[in-house]
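The structure under discussion appears below in the form of structure tokens.
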Amino acid sequence: MLISQIRDDSGELAVVVRNGSEASILKDVPSSYHLVKEAISREQSLTSCIRSHDLGPAVDLEKLAEENRLLLPIHHPDAAHMHLTGTGLTHLGSASTRDAMHNKVKEDHDNLTDSMKMFHMGLEAGRPKPGHVGVQPEWFYKGNGSAAVAPGDELVSPGFSEDGGEEPEIAGIYVIAEDGTPYRVGFALANEFSDHVMERQNYLYLAHSKLRPASFGPELLVGSLPETVQGTSRILRNGSVLWEKPFLSGEANMSHSLANLEHHHFKYELFCQPGDVHVHMFGTATLSFADGISCEEGDEVEISAPGFGVPLKNRLAFRADENAATLVKVL
């Protein structure tokens with residue numbers, strides 16, 4: 001089952017549920033966030049909660065995508081209570097991609113880069129037995145809900161950026177219950193847009209390079225993540241495919257278990273505040289920058305995977321250089 005949010009014919013937000021190829025508006029549901037909170041309060045699965053509501057008109061999500069009427073599949077009414085975060089070096093092959101990007105591969109195990117060391121830590125202790133805690137992954141913060149860009153909208157690099165490029169990922173979507181318990185809503189495709197040129201200068205710039213917008217959706221997969229997700233990431237320039245590559249995700253292709261990644265995010269009380277929404281991106285081993293691609297203004301990134309519904313598409317935009325220093329006023 002997939003859920004999404006759209007602008008209906010009157011311009012209002014509507015929640016859509018899809019089973020197979022059929023998609024319909026869910027009646028009397030103001031938002032997917034309200035739907036999730038209803039399921040939590042009823043102590044029932046999201047699927048059961050959805051089935052307790054009547055279906056409204058059928059919709060064509062592919063057509064709505066062409067009309068740019070698809071919204072984020074979930075949002076918080078207060079953007080400050082939505083958190084975009086992620087983990088890196090979690091996928092088999094991701095360390096070689098990162099090291100190639102940093103151009104610091106060493107043959108001597110004692111002189112491995114920090115990226116390679118962390119990757120090996122995940123291989124050795126990232127998949128603990130159920131109920132046990134494994135090694136913590138690389139972790140990063142992207143921003144709050146103001147950095148979440150709807151499918152079809154532009155991902156904008158700030159003027160001070162060095163670069164802007166895609167990262168095709170799977171994101172876990174979570175809502176925190178009133179007692180502080182994290183509830184996983186489901187999974188969505190995500191574009192974890194980042195500044196790879198800045199990161200390549202020095203791995204300590206990773207935090208800066210991740211403070212960029214991100215997009216996810218358009219549809220949210222309710223239930224478990226398949227063991228293997230086989231997707232495709234492509235960049236189109238002037239309507240033609242510039243670069244295309246498959247990407248793999250799912251636990252069968254990861255050095256960490258999802259449970260371990262979730263533990264190391266939600267172990268912090270900061271991230272267990274009642275009502276908050278979390279979009280936690282699980283990493284990737286595939287990005288065009290590692291293949292020498294430099295994205296340009298107007299490029300379109302398309303990320304797709306079977307079972308996740310409509311592909312996630314976003315155009316890229318780059319603001320003009322901002323040379324002036326930011327001034328802080330004194331009270």
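Each chain of the structure tokens is named A, B, ... in the order shown, its residues numbered from 1; ligands are numbered from 1 in display order.
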Contacts of range 2-88 of chain A with range 271-293 of chain A up to 9 Å, shortest pair per row, only C-alpha atoms, as CSV:
residue,atom,partner,partner_atom,distance
A:Tyr33,CA,A:Val277,CA,8.5
A:Lys37,CA,A:Gly275,CA,8.2
A:Ile74,CA,A:Val277,CA,8.4
A:His75,CA,A:Val277,CA,7.3
A:His76,CA,A:Val277,CA,6.4
A:Ala80,CA,A:Asp276,CA,8.8
A:His81,CA,A:Asp276,CA,5.0
A:Met82,CA,A:Val277,CA,4.6
A:His83,CA,A:His278,CA,4.8
A:Leu84,CA,A:Val279,CA,5.0
A:Thr85,CA,A:His280,CA,4.9
A:Gly86,CA,A:Met281,CA,4.2
A:Thr87,CA,A:Phe282,CA,5.3
A:Gly88,CA,A:Gly283,CA,4.9
Output for the residues just chosen: N, CA, C and O atoms as a PDB file, in the first residue's frame:
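Once everything was written out, this is selection.pdb:
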ATOM      1  N   TYR A  33      -0.268  13.291   8.022  1.00  0.00           N
ATOM      2  CA  TYR A  33       0.168  13.460   9.410  1.00  0.00           C
ATOM      3  C   TYR A  33      -0.986  13.189  10.371  1.00  0.00           C
ATOM      4  O   TYR A  33      -0.827  12.468  11.371  1.00  0.00           O
ATOM      5  N   LYS A  37      -1.297  10.117  13.173  1.00  0.00           N
ATOM      6  CA  LYS A  37      -1.597  10.368  14.580  1.00  0.00           C
ATOM      7  C   LYS A  37      -2.878   9.646  15.003  1.00  0.00           C
ATOM      8  O   LYS A  37      -2.999   9.178  16.134  1.00  0.00           O
ATOM      9  N   ILE A  74       4.234  13.355   3.439  1.00  0.00           N
ATOM     10  CA  ILE A  74       3.896  13.720   4.812  1.00  0.00           C
ATOM     11  C   ILE A  74       4.613  15.025   5.137  1.00  0.00           C
ATOM     12  O   ILE A  74       5.695  15.306   4.601  1.00  0.00           O
ATOM     13  N   HIS A  75       4.000  15.816   5.976  1.00  0.00           N
ATOM     14  CA  HIS A  75       4.636  17.050   6.439  1.00  0.00           C
ATOM     15  C   HIS A  75       4.107  17.351   7.830  1.00  0.00           C
ATOM     16  O   HIS A  75       3.107  16.785   8.265  1.00  0.00           O
ATOM     17  N   HIS A  76       4.787  18.224   8.533  1.00  0.00           N
ATOM     18  CA  HIS A  76       4.310  18.707   9.827  1.00  0.00           C
ATOM     19  C   HIS A  76       3.757  20.102   9.619  1.00  0.00           C
ATOM     20  O   HIS A  76       4.338  20.894   8.867  1.00  0.00           O
ATOM     21  N   ALA A  80       9.308  23.590  11.779  1.00  0.00           N
ATOM     22  CA  ALA A  80      10.375  23.428  12.768  1.00  0.00           C
ATOM     23  C   ALA A  80      10.306  22.074  13.463  1.00  0.00           C
ATOM     24  O   ALA A  80      11.280  21.650  14.103  1.00  0.00           O
ATOM     25  N   HIS A  81       9.174  21.377  13.345  1.00  0.00           N
ATOM     26  CA  HIS A  81       9.012  20.079  14.003  1.00  0.00           C
ATOM     27  C   HIS A  81       9.139  18.904  13.020  1.00  0.00           C
ATOM     28  O   HIS A  81       8.662  17.815  13.291  1.00  0.00           O
ATOM     29  N   MET A  82       9.804  19.178  11.914  1.00  0.00           N
ATOM     30  CA  MET A  82      10.128  18.118  10.954  1.00  0.00           C
ATOM     31  C   MET A  82      11.639  18.120  10.784  1.00  0.00           C
ATOM     32  O   MET A  82      12.256  19.174  10.608  1.00  0.00           O
ATOM     33  N   HIS A  83      12.273  16.950  10.867  1.00  0.00           N
ATOM     34  CA  HIS A  83      13.720  16.851  10.856  1.00  0.00           C
ATOM     35  C   HIS A  83      14.191  16.000   9.685  1.00  0.00           C
ATOM     36  O   HIS A  83      13.726  14.872   9.501  1.00  0.00           O
ATOM     37  N   LEU A  84      15.128  16.541   8.909  1.00  0.00           N
ATOM     38  CA  LEU A  84      15.749  15.815   7.805  1.00  0.00           C
ATOM     39  C   LEU A  84      17.159  15.423   8.241  1.00  0.00           C
ATOM     40  O   LEU A  84      17.998  16.290   8.511  1.00  0.00           O
ATOM     41  N   THR A  85      17.405  14.123   8.332  1.00  0.00           N
ATOM     42  CA  THR A  85      18.692  13.620   8.786  1.00  0.00           C
ATOM     43  C   THR A  85      19.087  12.422   7.934  1.00  0.00           C
ATOM     44  O   THR A  85      18.309  11.966   7.087  1.00  0.00           O
ATOM     45  N   GLY A  86      20.288  11.896   8.165  1.00  0.00           N
ATOM     46  CA  GLY A  86      20.683  10.732   7.392  1.00  0.00           C
ATOM     47  C   GLY A  86      21.933  10.073   7.911  1.00  0.00           C
ATOM     48  O   GLY A  86      22.597  10.560   8.835  1.00  0.00           O
ATOM     49  N   THR A  87      22.245   8.949   7.310  1.00  0.00           N
ATOM     50  CA  THR A  87      23.450   8.206   7.632  1.00  0.00           C
ATOM     51  C   THR A  87      24.227   7.933   6.359  1.00  0.00           C
ATOM     52  O   THR A  87      23.663   7.859   5.267  1.00  0.00           O
ATOM     53  N   GLY A  88      25.543   7.785   6.503  1.00  0.00           N
ATOM     54  CA  GLY A  88      26.385   7.492   5.359  1.00  0.00           C
ATOM     55  C   GLY A  88      27.248   6.274   5.610  1.00  0.00           C
ATOM     56  O   GLY A  88      27.345   5.779   6.737  1.00  0.00           O
TER      57      GLY A  88
END
Subject >> Long-range neighbours of Ser161 in chain A as a VMD selection string, 9 Å cut-off, only C-alpha atoms, 6 positions minimum in chain >> reply: chain A and resid 195 197 to 198 209 318 to 319 321
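The space between CA of Leu89 in chain A and CA of Lys210 in chain A spans 14.3 Å.
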Subject >> Contacts of range 229-241 of chain A at 10 Å (only C-alpha atoms; same-chain gap of 2+ positions) as a PyMOL selection string >> reply: chain A and resi 165-170+189+191+225-227+243-253+286-288+293+295-308+311-315
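Our summary of the geometry notes that CA of Phe119 in chain A is positioned 17.2 Å from CA of Glu199 in chain A.
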**OP:** For Val156 in chain A, work out the shell of residues within 7 Å, counting only C-alpha atoms and skipping chain neighbours fewer than 6 positions away, then give it as a PyMOL selection string.
**Re:** chain A and resi 213+316-318
Write the selection just made, keeping all heavy atoms, as a short mmCIF file (atom, residue, chain, number, x, y, z; two decimals), in the first residue's frame?
data_model
loop_
_atom_site.label_atom_id
_atom_site.label_comp_id
_atom_site.auth_asym_id
_atom_site.auth_seq_id
_atom_site.Cartn_x
_atom_site.Cartn_y
_atom_site.Cartn_z
N PRO A 213 18.83 21.49 0.62
CA PRO A 213 17.47 20.94 0.58
C PRO A 213 17.47 19.48 0.16
O PRO A 213 18.47 18.95 -0.36
CB PRO A 213 16.76 21.81 -0.46
CG PRO A 213 17.87 22.32 -1.34
CD PRO A 213 19.04 22.52 -0.42
N LEU A 316 17.20 21.05 -10.82
CA LEU A 316 18.24 21.66 -10.01
C LEU A 316 18.39 23.13 -10.39
O LEU A 316 18.29 23.49 -11.56
CB LEU A 316 19.57 20.94 -10.21
CG LEU A 316 19.56 19.41 -10.00
CD1 LEU A 316 20.98 18.86 -10.08
CD2 LEU A 316 18.92 19.03 -8.68
N ALA A 317 18.63 23.95 -9.39
CA ALA A 317 18.83 25.38 -9.61
C ALA A 317 20.01 25.84 -8.77
O ALA A 317 20.26 25.30 -7.68
CB ALA A 317 17.58 26.17 -9.26
N PHE A 318 20.74 26.82 -9.28
CA PHE A 318 21.93 27.31 -8.59
C PHE A 318 21.84 28.83 -8.49
O PHE A 318 21.80 29.52 -9.50
CB PHE A 318 23.19 26.89 -9.36
CG PHE A 318 23.39 25.41 -9.42
CD1 PHE A 318 22.71 24.63 -10.36
CD2 PHE A 318 24.24 24.77 -8.53
CE1 PHE A 318 22.89 23.25 -10.41
CE2 PHE A 318 24.41 23.40 -8.57
CZ PHE A 318 23.74 22.63 -9.51
#
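Proximity of A:Ser31, A:Leu331, A:Ser255, A:Gly143 to Glu124 in chain A, computed with only C-alpha atoms, is greatest for A:Ser255.
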Subject >> Among the residues A:Pro151, A:Pro128, A:Gly217, A:Pro57, the one that comes closest to Ser4 in chain A [using only C-alpha atoms] >> reply: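 Closest candidate: A:Gly217.
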Subject >> Test item: residues at most 12 Å from Leu13 in chain A, only C-alpha atoms, excluding those fewer than 2 positions along its chain, as a PyMOL selection string >> reply: chain A and resi 4-11+15-16+25-33+69-75
Could the residues in this selection be written to a file with C-alpha atoms, as a short mmCIF file (atom, residue, chain, number, x, y, z; two decimals), in the first residue's frame?
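Listed below is the output, again_36.cif:
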data_model
loop_
_atom_site.label_atom_id
_atom_site.label_comp_id
_atom_site.auth_asym_id
_atom_site.auth_seq_id
_atom_site.Cartn_x
_atom_site.Cartn_y
_atom_site.Cartn_z
CA SER A 4 0.68 10.34 -0.96
CA GLN A 5 -0.56 13.91 -0.77
CA ILE A 6 -1.82 15.96 -3.68
CA ARG A 7 -3.48 19.24 -4.52
CA ASP A 8 -7.00 18.27 -5.57
CA ASP A 9 -9.09 19.97 -8.26
CA SER A 10 -10.04 22.74 -5.83
CA GLY A 11 -6.43 23.33 -4.84
CA VAL A 15 -4.49 12.23 0.94
CA VAL A 16 -4.34 9.48 -1.68
CA ILE A 25 -8.56 10.07 -2.43
CA LEU A 26 -9.13 9.09 1.20
CA LYS A 27 -12.27 10.78 2.52
CA ASP A 28 -12.30 12.96 5.63
CA VAL A 29 -8.54 12.84 6.16
CA PRO A 30 -7.01 16.34 6.28
CA SER A 31 -3.40 15.15 5.91
CA SER A 32 -1.24 12.06 6.15
CA TYR A 33 0.17 13.46 9.41
CA ARG A 69 0.28 18.66 -8.13
CA LEU A 70 2.11 16.09 -6.05
CA LEU A 71 3.17 17.17 -2.57
CA LEU A 72 5.45 15.65 0.03
CA PRO A 73 3.81 12.41 1.23
CA ILE A 74 3.90 13.72 4.81
CA HIS A 75 4.64 17.05 6.44
#
Original post:
Suppose you want the space between CA of Met1 in chain A and CA of Asn19 in chain A; what is it in Å?
Top reply: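 A separation of 5.2 Å between them.
Take the candidates A:Asn111, A:Thr326, A:Thr181, A:Ser48 and check each one against Leu35 in chain A using only C-alpha atoms; the shortest distance goes to A:Ser48.
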**OP:** Taking the DSSP assignment computed from this structure's backbone, write out as a PyMOL selection string all residues of range 93-219 of chain A that belong to alpha helix (DSSP H).
**Re:** chain A and resi 94-102+114-125+196-201+206-210
**OP:** Fewer than 3 positions away in the same chain doesn't count, so skip those; otherwise give me all residues within 9 Å of Ser224 in chain A, counting only C-alpha atoms, as a PyMOL selection string.
**Re:** chain A and resi 186-187+221+227
Determine which residues of range 151-267 of chain A DSSP labels as strand (DSSP E) from the backbone of this structure, then write them out as a short mmCIF file (atom, residue, chain, number, x, y, z; two decimals) with N, CA and C atoms, in the first residue's frame.
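To be explicit, this is the file written out as selection12.cif:
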data_model
loop_
_atom_site.label_atom_id
_atom_site.label_comp_id
_atom_site.auth_asym_id
_atom_site.auth_seq_id
_atom_site.Cartn_x
_atom_site.Cartn_y
_atom_site.Cartn_z
N GLU A 154 11.98 22.66 -7.38
CA GLU A 154 13.42 22.81 -7.58
C GLU A 154 14.21 22.55 -6.31
N LEU A 155 15.33 21.87 -6.47
CA LEU A 155 16.33 21.76 -5.41
C LEU A 155 17.35 22.86 -5.69
N VAL A 156 17.47 23.80 -4.78
CA VAL A 156 18.26 25.01 -5.02
C VAL A 156 19.56 24.98 -4.21
N SER A 157 20.69 25.15 -4.91
CA SER A 157 21.97 25.30 -4.24
C SER A 157 22.18 26.77 -3.90
N PRO A 168 20.65 9.27 -4.58
CA PRO A 168 19.40 8.50 -4.54
C PRO A 168 19.38 7.57 -3.32
N GLU A 169 18.39 7.74 -2.47
CA GLU A 169 18.35 6.99 -1.22
C GLU A 169 16.94 6.53 -0.90
N ILE A 170 16.86 5.64 0.08
CA ILE A 170 15.59 5.28 0.71
C ILE A 170 15.54 5.99 2.05
N ALA A 171 14.43 6.62 2.33
CA ALA A 171 14.25 7.32 3.61
C ALA A 171 13.19 6.62 4.44
N GLY A 172 13.45 6.50 5.72
CA GLY A 172 12.44 6.04 6.66
C GLY A 172 11.67 7.25 7.18
N ILE A 173 10.36 7.12 7.27
CA ILE A 173 9.50 8.22 7.73
C ILE A 173 8.93 7.84 9.10
N TYR A 174 9.05 8.76 10.07
CA TYR A 174 8.68 8.46 11.45
C TYR A 174 7.87 9.61 12.05
N VAL A 175 6.98 9.25 12.97
CA VAL A 175 6.25 10.24 13.77
C VAL A 175 6.40 9.81 15.24
N ILE A 176 6.62 10.79 16.10
CA ILE A 176 6.82 10.52 17.52
C ILE A 176 5.49 10.62 18.26
N PRO A 182 9.03 6.48 19.02
CA PRO A 182 9.06 6.67 17.56
C PRO A 182 8.24 5.58 16.87
N TYR A 183 7.41 5.99 15.92
CA TYR A 183 6.65 5.05 15.10
C TYR A 183 7.09 5.21 13.66
N ARG A 184 7.48 4.09 13.04
CA ARG A 184 7.84 4.15 11.63
C ARG A 184 6.58 4.10 10.79
N VAL A 185 6.40 5.10 9.94
CA VAL A 185 5.23 5.17 9.07
C VAL A 185 5.45 4.32 7.82
N GLY A 186 6.65 4.39 7.27
CA GLY A 186 6.96 3.65 6.05
C GLY A 186 8.24 4.17 5.43
N PHE A 187 8.37 4.00 4.12
CA PHE A 187 9.60 4.33 3.41
C PHE A 187 9.26 5.08 2.12
N ALA A 188 10.20 5.92 1.70
CA ALA A 188 10.00 6.68 0.47
C ALA A 188 11.33 6.84 -0.26
N LEU A 189 11.26 7.04 -1.56
CA LEU A 189 12.43 7.45 -2.32
C LEU A 189 12.85 8.84 -1.86
N ALA A 190 14.16 9.10 -1.89
CA ALA A 190 14.64 10.41 -1.47
C ALA A 190 15.81 10.85 -2.34
N ASN A 191 15.91 12.15 -2.53
CA ASN A 191 17.08 12.75 -3.17
C ASN A 191 17.79 13.58 -2.11
N ALA A 214 16.36 18.80 0.40
CA ALA A 214 16.19 17.41 0.00
C ALA A 214 14.74 17.21 -0.40
N SER A 215 14.49 16.20 -1.21
CA SER A 215 13.13 15.88 -1.61
C SER A 215 12.90 14.40 -1.34
N PHE A 216 11.64 14.05 -1.10
CA PHE A 216 11.30 12.64 -0.90
C PHE A 216 9.87 12.39 -1.34
N LEU A 220 4.61 7.08 -0.39
CA LEU A 220 5.20 6.51 0.80
C LEU A 220 4.74 5.06 0.92
N LEU A 221 5.70 4.14 0.95
CA LEU A 221 5.41 2.72 1.05
C LEU A 221 5.11 2.36 2.50
N VAL A 222 3.88 1.92 2.76
CA VAL A 222 3.46 1.53 4.10
C VAL A 222 3.85 0.06 4.32
N VAL A 229 16.14 -3.43 -2.75
CA VAL A 229 15.49 -2.41 -3.57
C VAL A 229 16.43 -2.14 -4.75
N GLN A 230 15.94 -2.36 -5.95
CA GLN A 230 16.73 -2.12 -7.15
C GLN A 230 16.13 -0.94 -7.91
N GLY A 231 16.79 0.19 -7.78
CA GLY A 231 16.26 1.41 -8.38
C GLY A 231 17.16 1.93 -9.50
N THR A 232 16.74 3.06 -10.06
CA THR A 232 17.50 3.72 -11.12
C THR A 232 17.57 5.21 -10.81
N SER A 233 18.76 5.76 -10.95
CA SER A 233 18.96 7.20 -10.80
C SER A 233 19.44 7.73 -12.14
N ARG A 234 18.82 8.80 -12.61
CA ARG A 234 19.26 9.36 -13.89
C ARG A 234 19.20 10.89 -13.84
N ILE A 235 20.04 11.49 -14.67
CA ILE A 235 20.06 12.94 -14.82
C ILE A 235 19.74 13.26 -16.27
N LEU A 236 18.76 14.12 -16.47
CA LEU A 236 18.38 14.55 -17.80
C LEU A 236 18.80 16.01 -17.99
N ARG A 237 19.41 16.28 -19.13
CA ARG A 237 19.82 17.65 -19.47
C ARG A 237 19.23 17.99 -20.83
N SER A 240 17.40 15.10 -22.57
CA SER A 240 18.10 13.87 -22.91
C SER A 240 18.82 13.32 -21.68
N VAL A 241 18.97 12.01 -21.63
CA VAL A 241 19.64 11.38 -20.49
C VAL A 241 21.14 11.65 -20.56
N LEU A 242 21.65 12.35 -19.56
CA LEU A 242 23.08 12.65 -19.46
C LEU A 242 23.82 11.53 -18.75
N TRP A 243 23.18 10.98 -17.73
CA TRP A 243 23.82 9.94 -16.90
C TRP A 243 22.72 9.07 -16.31
N GLU A 244 22.98 7.79 -16.23
CA GLU A 244 22.00 6.86 -15.68
C GLU A 244 22.73 5.69 -15.05
N LYS A 245 22.27 5.27 -13.88
CA LYS A 245 22.93 4.16 -13.19
C LYS A 245 21.95 3.51 -12.23
N PRO A 246 22.02 2.19 -12.08
CA PRO A 246 21.18 1.53 -11.08
C PRO A 246 21.74 1.77 -9.68
N PHE A 247 20.86 1.74 -8.68
CA PHE A 247 21.32 1.79 -7.30
C PHE A 247 20.62 0.68 -6.53
N LEU A 248 21.31 0.18 -5.53
CA LEU A 248 20.79 -0.89 -4.69
C LEU A 248 20.63 -0.39 -3.26
N SER A 249 19.52 -0.77 -2.64
CA SER A 249 19.32 -0.49 -1.23
C SER A 249 18.57 -1.67 -0.62
#
Subject >> Val133 in chain A environment, 10 Å, only C-alpha atoms, sequence neighbours closer than 2 positions dropped, as a list in words >> reply: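 Here the answer would be Ala125, Gly126, Arg127, Pro128, Lys129, Pro130, Gly131, Val135, Gln136, Ala259, Asn260, Leu261, His263 and His264 of chain A.
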Just all heavy atoms for this one: save the residues we selected as a tab-separated table (two decimals), in the first residue's frame.
chain	number	residue	atom	x	y	z
A	125	ALA	N	30.35	-4.70	12.79
A	125	ALA	CA	29.43	-4.62	13.94
A	125	ALA	C	28.19	-3.78	13.67
A	125	ALA	O	27.60	-3.23	14.59
A	125	ALA	CB	30.18	-4.05	15.15
A	126	GLY	N	27.79	-3.68	12.41
A	126	GLY	CA	26.62	-2.87	12.08
A	126	GLY	C	25.32	-3.64	12.02
A	126	GLY	O	24.26	-3.05	11.83
A	127	ARG	N	25.40	-4.96	12.17
A	127	ARG	CA	24.20	-5.79	12.09
A	127	ARG	C	24.12	-6.68	13.34
A	127	ARG	O	24.31	-7.90	13.27
A	127	ARG	CB	24.22	-6.64	10.82
A	127	ARG	CG	24.32	-5.81	9.53
A	127	ARG	CD	24.45	-6.69	8.30
A	127	ARG	NE	23.21	-7.38	8.03
A	127	ARG	CZ	22.24	-6.93	7.22
A	127	ARG	NH1	22.39	-5.76	6.60
A	127	ARG	NH2	21.15	-7.63	7.03
A	128	PRO	N	23.85	-6.08	14.49
A	128	PRO	CA	23.81	-6.85	15.74
A	128	PRO	C	22.59	-7.78	15.78
A	128	PRO	O	21.64	-7.63	15.01
A	128	PRO	CB	23.71	-5.77	16.81
A	128	PRO	CG	22.98	-4.66	16.13
A	128	PRO	CD	23.50	-4.67	14.71
A	129	LYS	N	22.63	-8.72	16.72
A	129	LYS	CA	21.49	-9.59	16.94
A	129	LYS	C	20.30	-8.75	17.42
A	129	LYS	O	20.49	-7.69	18.03
A	129	LYS	CB	21.83	-10.65	17.98
A	129	LYS	CG	22.91	-11.63	17.54
A	129	LYS	CD	23.22	-12.63	18.65
A	129	LYS	CE	24.30	-13.61	18.20
A	129	LYS	NZ	24.63	-14.59	19.29
A	130	PRO	N	19.07	-9.18	17.14
A	130	PRO	CA	17.89	-8.43	17.59
A	130	PRO	C	17.96	-8.13	19.09
A	130	PRO	O	18.31	-9.00	19.89
A	130	PRO	CB	16.72	-9.38	17.27
A	130	PRO	CG	17.22	-10.18	16.11
A	130	PRO	CD	18.69	-10.39	16.37
A	131	GLY	N	17.67	-6.89	19.44
A	131	GLY	CA	17.70	-6.48	20.83
A	131	GLY	C	19.05	-6.01	21.31
A	131	GLY	O	19.18	-5.54	22.44
A	135	VAL	N	27.54	-0.99	16.24
A	135	VAL	CA	28.35	0.21	16.13
A	135	VAL	C	27.52	1.33	15.52
A	135	VAL	O	26.63	1.10	14.69
A	135	VAL	CB	29.61	-0.08	15.28
A	135	VAL	CG1	29.23	-0.34	13.81
A	135	VAL	CG2	30.61	1.06	15.37
A	136	GLN	N	27.80	2.58	15.91
A	136	GLN	CA	27.03	3.69	15.36
A	136	GLN	C	27.57	4.10	13.99
A	136	GLN	O	28.76	4.00	13.74
A	136	GLN	CB	27.01	4.87	16.33
A	136	GLN	CG	28.34	5.47	16.68
A	136	GLN	CD	28.22	6.51	17.77
A	136	GLN	OE1	27.14	6.76	18.32
A	136	GLN	NE2	29.32	7.15	18.11
A	259	ALA	N	17.37	-1.58	11.99
A	259	ALA	CA	17.15	-1.44	13.44
A	259	ALA	C	18.32	-0.74	14.11
A	259	ALA	O	18.13	0.09	15.01
A	259	ALA	CB	16.92	-2.82	14.06
A	260	ASN	N	19.53	-1.04	13.66
A	260	ASN	CA	20.70	-0.39	14.25
A	260	ASN	C	20.76	1.08	13.89
A	260	ASN	O	21.07	1.93	14.73
A	260	ASN	CB	21.98	-1.09	13.77
A	260	ASN	CG	23.19	-0.68	14.59
A	260	ASN	OD1	23.18	-0.74	15.82
A	260	ASN	ND2	24.25	-0.26	13.92
A	261	LEU	N	20.44	1.42	12.64
A	261	LEU	CA	20.43	2.82	12.22
A	261	LEU	C	19.34	3.59	12.98
A	261	LEU	O	19.55	4.74	13.41
A	261	LEU	CB	20.19	2.92	10.72
A	261	LEU	CG	21.26	2.27	9.83
A	261	LEU	CD1	20.89	2.44	8.36
A	261	LEU	CD2	22.64	2.85	10.11
A	263	HIS	N	18.09	2.82	15.96
A	263	HIS	CA	18.49	2.98	17.35
A	263	HIS	C	19.41	4.17	17.53
A	263	HIS	O	19.22	4.99	18.45
A	263	HIS	CB	19.21	1.72	17.86
A	263	HIS	CG	19.99	1.97	19.12
A	263	HIS	ND1	19.37	2.09	20.35
A	263	HIS	CD2	21.32	2.18	19.33
A	263	HIS	CE1	20.29	2.34	21.28
A	263	HIS	NE2	21.48	2.40	20.68
A	264	HIS	N	20.41	4.29	16.66
A	264	HIS	CA	21.41	5.34	16.84
A	264	HIS	C	20.89	6.72	16.48
A	264	HIS	O	21.57	7.72	16.75
A	264	HIS	CB	22.68	4.99	16.06
A	264	HIS	CG	23.50	3.91	16.70
A	264	HIS	ND1	24.10	4.07	17.93
A	264	HIS	CD2	23.77	2.64	16.31
A	264	HIS	CE1	24.73	2.97	18.27
A	264	HIS	NE2	24.54	2.08	17.31
Original post:
Of the candidates A:Arg200, A:Arg212, A:His53, A:His132, which shows the shortest atom-to-atom distance to Gly145 in chain A, using only C-alpha atoms?
Top reply: A:Arg212
